$ cat coords00.cif   # mmCIF, C-alpha atoms
data_start
loop_
_atom_site.label_atom_id
_atom_site.label_comp_id
_atom_site.auth_asym_id
_atom_site.auth_seq_id
_atom_site.Cartn_x
_atom_site.Cartn_y
_atom_site.Cartn_z
CA MET A 14 106.79 4.64 146.88
CA GLU A 15 105.03 5.42 150.15
CA ARG A 16 106.82 7.66 152.59
CA VAL A 17 106.87 6.70 156.24
CA ASN A 18 107.98 9.98 157.77
CA ASP A 19 104.87 12.07 157.35
CA ALA A 20 105.89 14.69 159.88
CA ALA A 21 108.19 15.97 157.19
CA ASN A 22 105.32 16.65 154.77
CA HIS A 23 103.93 20.19 154.69
CA THR A 24 101.79 22.29 152.43
CA ALA A 25 102.76 25.76 151.30
CA GLU A 26 100.88 27.17 154.25
CA SER A 27 102.97 25.12 156.68
CA VAL A 28 106.32 26.23 155.30
CA PRO A 29 107.73 28.81 157.71
CA GLY A 30 108.65 32.37 157.01
CA PRO A 31 111.96 33.85 158.16
CA PRO A 32 113.03 32.25 161.46
CA SER A 33 112.40 34.02 164.69
CA THR A 34 115.53 35.37 166.30
CA ALA A 35 114.02 34.88 169.73
CA PRO A 36 113.72 31.57 171.57
CA ALA A 37 110.39 29.92 172.23
CA PRO A 38 108.35 31.84 174.82
CA ALA A 39 109.47 30.90 178.31
CA ASP A 40 106.05 31.43 179.83
CA GLY A 41 104.35 28.96 177.52
CA GLY A 42 102.13 31.72 176.19
CA SER A 43 100.36 31.21 172.89
CA ARG A 44 101.45 33.01 169.77
CA LYS A 45 98.93 34.82 167.67
CA GLY A 46 97.49 32.91 164.78
CA SER A 47 99.09 29.59 165.70
CA GLY A 48 95.80 27.70 165.65
CA SER A 49 95.53 24.03 166.56
CA ARG A 50 98.79 22.62 167.84
CA LEU A 51 98.39 19.09 166.42
CA TYR A 52 97.78 20.39 162.90
CA PRO A 53 98.64 24.05 163.43
CA ARG A 54 98.28 25.23 159.85
CA VAL A 55 96.39 24.11 156.79
CA THR A 56 98.52 21.07 156.04
CA SER A 57 98.67 18.19 153.62
CA PHE A 58 100.43 15.48 155.56
CA ARG A 59 99.23 12.61 153.37
CA SER A 60 97.11 11.78 156.38
CA ARG A 61 96.72 8.09 156.99
CA ARG A 62 94.28 7.09 159.64
CA GLY A 63 94.48 3.74 161.33
CA ALA A 64 93.31 2.29 164.59
CA LEU A 65 95.88 0.97 167.04
CA THR A 66 95.85 -2.73 167.80
CA ALA A 67 94.81 -3.76 171.30
CA THR A 68 98.42 -4.37 172.35
CA GLN A 69 99.55 -1.08 170.81
CA GLN A 70 96.83 0.77 172.69
CA GLN A 71 97.82 -0.86 175.95
CA SER A 72 101.47 0.07 175.44
CA TRP A 73 100.44 3.58 174.40
CA ASP A 74 98.33 4.05 177.53
CA ARG A 75 101.18 2.89 179.76
CA THR A 76 104.07 4.69 178.11
CA TRP A 77 102.93 7.71 176.08
CA PRO A 78 102.12 9.92 179.11
CA GLU A 79 105.77 9.67 180.14
CA ILE A 80 107.62 9.80 176.80
CA GLY A 81 105.17 11.49 174.42
CA ARG A 82 103.39 14.80 173.96
CA ASP A 83 101.34 16.54 171.32
CA VAL A 84 102.90 19.67 169.89
CA ALA A 85 102.00 22.63 172.08
CA ASP A 86 102.56 26.37 172.30
CA GLU A 87 105.10 26.14 175.09
CA SER A 88 108.85 26.17 175.37
CA LEU A 89 110.31 22.68 175.67
CA ASP A 90 112.38 21.93 178.79
CA ALA A 91 114.26 18.94 177.43
CA ALA A 92 116.45 18.44 180.48
CA ALA A 93 113.40 18.16 182.74
CA TRP A 94 111.60 15.83 180.32
CA PHE A 95 114.57 13.47 179.97
CA GLY A 96 115.63 13.86 183.58
CA ARG A 97 119.18 14.76 182.61
CA GLU A 98 121.32 17.32 180.79
CA ALA A 99 122.56 15.91 177.47
CA PRO A 100 123.04 17.07 173.87
CA LEU A 101 119.65 17.28 172.15
CA VAL A 102 118.92 15.85 168.69
CA ILE A 103 115.59 15.90 166.87
CA GLU A 104 114.52 13.61 164.05
CA ILE A 105 111.86 15.07 161.78
CA GLY A 106 109.53 12.37 160.51
CA CYS A 107 110.54 9.36 162.57
CA GLY A 108 107.84 7.13 161.03
CA THR A 109 107.67 3.76 162.79
CA GLY A 110 110.97 4.49 164.50
CA THR A 111 113.23 1.73 163.21
CA ALA A 112 116.13 4.14 162.63
CA THR A 113 115.21 6.25 165.66
CA ALA A 114 115.49 3.36 168.08
CA ALA A 115 118.69 2.02 166.58
CA MET A 116 120.40 5.42 166.66
CA ALA A 117 119.26 6.10 170.22
CA GLN A 118 120.71 2.79 171.36
CA ALA A 119 123.96 3.48 169.50
CA GLU A 120 124.24 6.98 171.03
CA PRO A 121 123.05 6.67 174.65
CA HIS A 122 124.80 9.93 175.54
CA LEU A 123 122.33 11.90 173.37
CA ASN A 124 118.76 12.93 174.12
CA LEU A 125 116.70 12.16 171.00
CA ILE A 126 113.26 13.55 170.17
CA GLY A 127 111.34 12.01 167.28
CA ILE A 128 108.62 14.07 165.59
CA GLU A 129 105.79 12.39 163.68
CA VAL A 130 102.10 12.94 162.92
CA TYR A 131 101.07 9.34 162.19
CA GLN A 132 99.88 7.74 165.45
CA PRO A 133 100.06 4.06 164.39
CA GLY A 134 103.68 4.65 163.40
CA LEU A 135 104.43 6.28 166.72
CA ALA A 136 102.65 3.41 168.48
CA GLN A 137 105.09 0.91 166.96
CA LEU A 138 107.99 2.97 168.26
CA VAL A 139 106.35 3.32 171.68
CA GLN A 140 106.09 -0.47 171.87
CA ARG A 141 109.77 -0.88 171.04
CA ILE A 142 110.82 1.79 173.54
CA GLU A 143 108.83 0.00 176.24
CA ARG A 144 109.96 -3.49 175.25
CA GLU A 145 113.67 -2.63 174.97
CA GLN A 146 113.68 -0.03 177.76
CA ILE A 147 115.20 2.72 175.60
CA GLY A 148 115.55 5.62 177.98
CA ASN A 149 116.85 8.41 175.75
CA ILE A 150 113.91 8.85 173.33
CA ARG A 151 110.98 11.23 173.66
CA LEU A 152 108.26 11.76 171.05
CA LEU A 153 106.27 14.73 169.78
CA ARG A 154 103.16 14.28 167.66
CA GLY A 155 102.48 17.12 165.26
CA ASP A 156 104.05 19.56 162.79
CA ALA A 157 107.85 19.60 162.95
CA VAL A 158 108.05 23.19 161.70
CA ASP A 159 105.78 24.23 164.54
CA VAL A 160 108.08 22.43 166.99
CA LEU A 161 111.07 24.34 165.66
CA GLU A 162 109.26 27.67 165.66
CA ASN A 163 107.49 27.49 169.02
CA MET A 164 109.10 24.85 171.23
CA ILE A 165 112.84 24.91 170.50
CA ALA A 166 115.12 27.75 171.60
CA GLU A 167 117.73 29.09 169.25
CA GLN A 168 121.18 27.48 169.44
CA SER A 169 119.86 24.64 171.59
CA LEU A 170 120.10 21.64 169.24
CA THR A 171 123.16 19.49 168.71
CA GLY A 172 121.63 17.77 165.70
CA VAL A 173 118.68 17.66 163.32
CA ARG A 174 117.95 14.58 161.19
CA VAL A 175 115.57 14.52 158.22
CA PHE A 176 115.54 11.12 156.54
CA PHE A 177 113.52 10.57 153.35
CA PRO A 178 111.09 13.50 153.52
CA ASP A 179 108.27 13.42 151.00
CA PRO A 180 109.68 14.77 147.71
CA TRP A 181 106.36 16.07 146.39
CA PRO A 182 107.56 15.13 142.87
CA LYS A 183 105.04 17.09 140.79
CA ALA A 184 106.31 20.56 139.93
CA ARG A 185 103.15 22.24 141.16
CA HIS A 186 103.71 20.65 144.58
CA HIS A 187 107.36 21.65 145.02
CA LYS A 188 106.30 24.54 147.24
CA ARG A 189 105.04 21.94 149.72
CA ARG A 190 108.46 20.42 150.29
CA LEU A 191 109.73 20.68 153.83
CA LEU A 192 113.28 21.67 153.01
CA GLN A 193 112.69 25.16 151.66
CA PRO A 194 115.14 28.04 152.23
CA ALA A 195 113.12 29.29 155.20
CA THR A 196 113.21 25.87 156.87
CA PHE A 197 116.96 25.58 156.38
CA ALA A 198 117.35 29.00 158.00
CA LEU A 199 115.09 27.99 160.87
CA ILE A 200 116.99 24.75 161.48
CA ALA A 201 120.32 26.58 161.34
CA ASN A 202 119.03 29.13 163.84
CA ARG A 203 118.08 26.36 166.28
CA LEU A 204 121.38 24.48 165.93
CA ARG A 205 124.15 25.37 168.32
CA PRO A 206 127.51 26.30 166.76
CA GLY A 207 129.08 23.04 165.62
CA GLY A 208 125.69 21.31 165.48
CA VAL A 209 124.87 19.00 162.58
CA LEU A 210 122.05 18.80 160.03
CA HIS A 211 121.84 15.37 158.38
CA VAL A 212 119.47 14.83 155.44
CA ALA A 213 118.94 11.78 153.24
CA THR A 214 116.71 11.30 150.19
CA ASP A 215 116.31 8.71 147.45
CA HIS A 216 114.62 11.16 145.06
CA ALA A 217 117.05 12.61 142.48
CA ASP A 218 115.17 15.84 141.76
CA TYR A 219 114.64 16.57 145.45
CA ALA A 220 118.33 15.87 146.05
CA GLU A 221 119.26 18.58 143.56
CA PHE A 222 116.82 20.96 145.23
CA ILE A 223 118.19 20.17 148.71
CA ALA A 224 121.79 20.60 147.56
CA GLU A 225 121.06 24.01 146.05
CA VAL A 226 119.07 25.33 148.98
CA GLY A 227 121.50 23.97 151.59
CA ALA A 228 124.49 25.49 149.80
CA ALA A 229 122.79 28.87 149.91
CA GLU A 230 122.30 28.83 153.69
CA SER A 231 125.08 31.03 155.04
CA GLN A 232 125.00 29.57 158.56
CA LEU A 233 125.92 26.06 157.35
CA ILE A 234 129.09 24.50 155.99
CA GLY A 235 129.41 21.16 154.22
CA LEU A 236 130.79 18.22 156.18
CA ASN A 237 130.56 15.42 153.64
CA GLU A 238 131.40 15.03 149.98
CA THR A 239 127.85 15.72 148.78
CA THR A 240 127.92 19.12 150.48
CA GLY A 241 131.46 20.04 149.43
CA GLY A 242 133.24 18.79 152.54
CA VAL A 243 135.34 15.74 153.43
CA SER A 244 133.52 13.39 155.78
CA ALA A 245 136.72 11.74 157.01
CA GLU A 246 137.84 15.11 158.42
CA HIS A 247 134.69 15.52 160.51
CA ARG A 248 133.36 12.03 161.29
CA ASP A 249 135.31 11.53 164.51
CA SER A 250 134.88 15.06 165.85
CA ALA A 251 131.19 15.61 164.97
CA PRO A 252 128.83 15.66 167.97
CA ILE A 253 126.49 13.09 166.37
CA GLY A 254 127.20 10.02 164.28
CA PHE A 255 127.12 10.15 160.48
CA GLU A 256 125.94 6.53 160.15
CA ARG A 257 122.31 5.53 159.64
CA PRO A 258 120.69 2.10 159.97
CA VAL A 259 119.13 0.86 156.73
CA THR A 260 115.35 0.64 157.16
CA LYS A 261 112.88 -1.44 155.16
CA PHE A 262 111.94 1.70 153.24
CA GLU A 263 115.55 2.35 152.27
CA GLY A 264 115.97 -1.30 151.36
CA LYS A 265 113.11 -0.95 148.88
CA ALA A 266 114.78 2.11 147.39
CA HIS A 267 118.03 0.17 146.94
CA ARG A 268 116.23 -2.73 145.28
CA ALA A 269 114.47 -0.29 142.94
CA GLY A 270 117.84 1.08 141.90
CA SER A 271 117.39 4.48 143.52
CA ALA A 272 120.56 6.24 144.64
CA ILE A 273 120.61 7.48 148.23
CA ASN A 274 121.88 11.04 148.51
CA GLU A 275 123.33 11.95 151.89
CA PHE A 276 123.77 15.59 152.95
CA ILE A 277 125.60 16.58 156.14
CA TRP A 278 126.11 20.20 157.14
CA GLY A 279 127.54 21.79 160.25
CA LYS A 280 126.54 25.06 161.91
CA ILE A 281 129.41 27.50 161.50
CA GLU A 282 131.18 28.12 164.81
#

$ encode --input "coords00.cif" --output "structure tokens"
Amino acid sequence: MERVNDAANHTAESVPGPPSTAPAPADGGSRKGSGSRLYPRVTSFRSRRGALTATQQQSWDRTWPEIGRDVADESLDAAAWFGREAPLVIEIGCGTGTATAAMAQAEPHLNLIGIEVYQPGLAQLVQRIEREQIGNIRLLRGDAVDVLENMIAEQSLTGVRVFFPDPWPKARHHKRRLLQPATFALIANRLRPGGVLHVATDHADYAEFIAEVGAAESQLIGLNETTGGVSAEHRDSAPIGFERPVTKFEGKAHRAGSAINEFIWGKIE
């Protein structure tokens, strides 16, 4: 089954080491060895190339300069980019943005940044943002781990969403999975106390892997039943919603009989 959120796909070389304890550099200075910012490490994104349609290109040319950027070696000033102070949530691997747009419209009080490497997918979301005048979405094109390492300050995120990352099902490819211990630690470092990490997968083996690695991250505590918590005790007080819109991809998983595993953790306060 083809994955749509390719920004969540990384090779072993793109999996981070221990998270930095310092925020992204305020002066925008480059970090040694970072390389290209669009594909900053040797990666295996399942690259899919495709030309934009004429209408997509027109929408892209009008709207991307305002709402989109390529990943860069500079600290992100989210308040300036959005033009307001608001809780910041990032979605790793937003694909064509069906869920991204729906969640942004349901939570207008949040600033939402979608991260994706696949331009035609981003172009579809750009069109929807323009057509429906969704004002609380911004987009980054490139490696999500690089965004977390170099652009996001520690304890600055209210939420991180990772929906249906590539499971890399073959055993020899497991090291390429995004949600490794080091990535959990990095995400936890960037979450503010009380912030939420929400992960969903339809792949049973990856679900077991995610559950084990997430449970071992000392900065996180389970908020739903899958993670050892009780969702009813946290749903109303959590800073981001626990609900997700069902996308076409998820609909295919349901029809194929695949169980959807939902993981929700909170950053310990």

$ resolve_selection --input "coords00.cif" --expression "the PyMOL selection byres ((chain A and resi 116-121) around 10)" --output "list in words"
Ala99, Val102, Gly110, Thr111, Ala112, Thr113, Ala114, Ala115, His122, Leu123, Asn124, Leu125, Ile126, Glu145, Gln146, Ile147, Gly148, Asn149, Ile150, Ile253, Gly254, Glu256, Arg257 and Pro258 of chain A

$ residues_around --input "coords00.cif" --residues "range 103-107 of chain A" --least-positions-apart "6" --cutoff "10 Å" --atoms "all atoms listed in the file" --output "ChimeraX atom specification"
/A:16-22,113-114,124-131,134-135,138,150-158,160-161,170-179,191,210-212

$ write_last_selection --input "coords00.cif" --atoms "C-alpha atoms" --output "CSV table (one decimal), keeping the file's coordinate frame"
chain,number,residue,atom,x,y,z
A,16,ARG,CA,106.8,7.7,152.6
A,17,VAL,CA,106.9,6.7,156.2
A,18,ASN,CA,108.0,10.0,157.8
A,19,ASP,CA,104.9,12.1,157.4
A,20,ALA,CA,105.9,14.7,159.9
A,21,ALA,CA,108.2,16.0,157.2
A,22,ASN,CA,105.3,16.6,154.8
A,113,THR,CA,115.2,6.2,165.7
A,114,ALA,CA,115.5,3.4,168.1
A,124,ASN,CA,118.8,12.9,174.1
A,125,LEU,CA,116.7,12.2,171.0
A,126,ILE,CA,113.3,13.6,170.2
A,127,GLY,CA,111.3,12.0,167.3
A,128,ILE,CA,108.6,14.1,165.6
A,129,GLU,CA,105.8,12.4,163.7
A,130,VAL,CA,102.1,12.9,162.9
A,131,TYR,CA,101.1,9.3,162.2
A,134,GLY,CA,103.7,4.6,163.4
A,135,LEU,CA,104.4,6.3,166.7
A,138,LEU,CA,108.0,3.0,168.3
A,150,ILE,CA,113.9,8.8,173.3
A,151,ARG,CA,111.0,11.2,173.7
A,152,LEU,CA,108.3,11.8,171.0
A,153,LEU,CA,106.3,14.7,169.8
A,154,ARG,CA,103.2,14.3,167.7
A,155,GLY,CA,102.5,17.1,165.3
A,156,ASP,CA,104.0,19.6,162.8
A,157,ALA,CA,107.8,19.6,163.0
A,158,VAL,CA,108.0,23.2,161.7
A,160,VAL,CA,108.1,22.4,167.0
A,161,LEU,CA,111.1,24.3,165.7
A,170,LEU,CA,120.1,21.6,169.2
A,171,THR,CA,123.2,19.5,168.7
A,172,GLY,CA,121.6,17.8,165.7
A,173,VAL,CA,118.7,17.7,163.3
A,174,ARG,CA,118.0,14.6,161.2
A,175,VAL,CA,115.6,14.5,158.2
A,176,PHE,CA,115.5,11.1,156.5
A,177,PHE,CA,113.5,10.6,153.4
A,178,PRO,CA,111.1,13.5,153.5
A,179,ASP,CA,108.3,13.4,151.0
A,191,LEU,CA,109.7,20.7,153.8
A,210,LEU,CA,122.0,18.8,160.0
A,211,HIS,CA,121.8,15.4,158.4
A,212,VAL,CA,119.5,14.8,155.4

$ residues_around --input "coords00.cif" --residues "Lys280 in chain A" --least-positions-apart "3" --cutoff "9 Å" --atoms "only C-alpha atoms" --output "ChimeraX atom specification"
/A:201-202,204-210,232-234

$ atom_distance --input "coords00.cif" --atom1 "CA of Gly108 in chain A" --atom2 "CA of Ala136 in chain A"
9.8 Å

$ closest_residue --input "coords00.cif" --among "A:Asp159, A:Asp215, A:Thr66, A:Glu167" --to "Gly264 in chain A" --atoms "all atoms listed in the file"
A:Asp215

$ atom_distance --input "coords00.cif" --atom1 "CA of Gly96 in chain A" --atom2 "CA of Gln70 in chain A"
25.4 Å

$ residues_around --input "coords00.cif" --residues "Ser271 in chain A" --least-positions-apart "2" --cutoff "9 Å" --atoms "all atoms listed in the file" --output "number ranges by chain"
A: 215-217, 265-269, 273

$ atom_distance --input "coords00.cif" --atom1 "CA of Ala224 in chain A" --atom2 "CA of Ala166 in chain A"
26.0 Å

$ resolve_selection --input "coords00.cif" --expression "the PyMOL selection byres ((chain A and resi 228) around 12)" --output "list in words"
Gln193, Pro194, Phe197, Ala198, Glu221, Phe222, Ile223, Ala224, Glu225, Val226, Gly227, Ala229, Glu230, Ser231, Gln232, Leu233, Ile234, Gly235, Leu236, Thr239, Thr240, Gly241, Gly242, Phe276, Ile277, Trp278 and Gly279 of chain A

$ residues_around --input "coords00.cif" --residues "Trp77 in chain A" --least-positions-apart "3" --cutoff "9 Å" --atoms "all atoms listed in the file" --output "JSON, numbers by chain"
{"A": [72, 73, 74, 80, 81, 82, 136, 139, 152]}
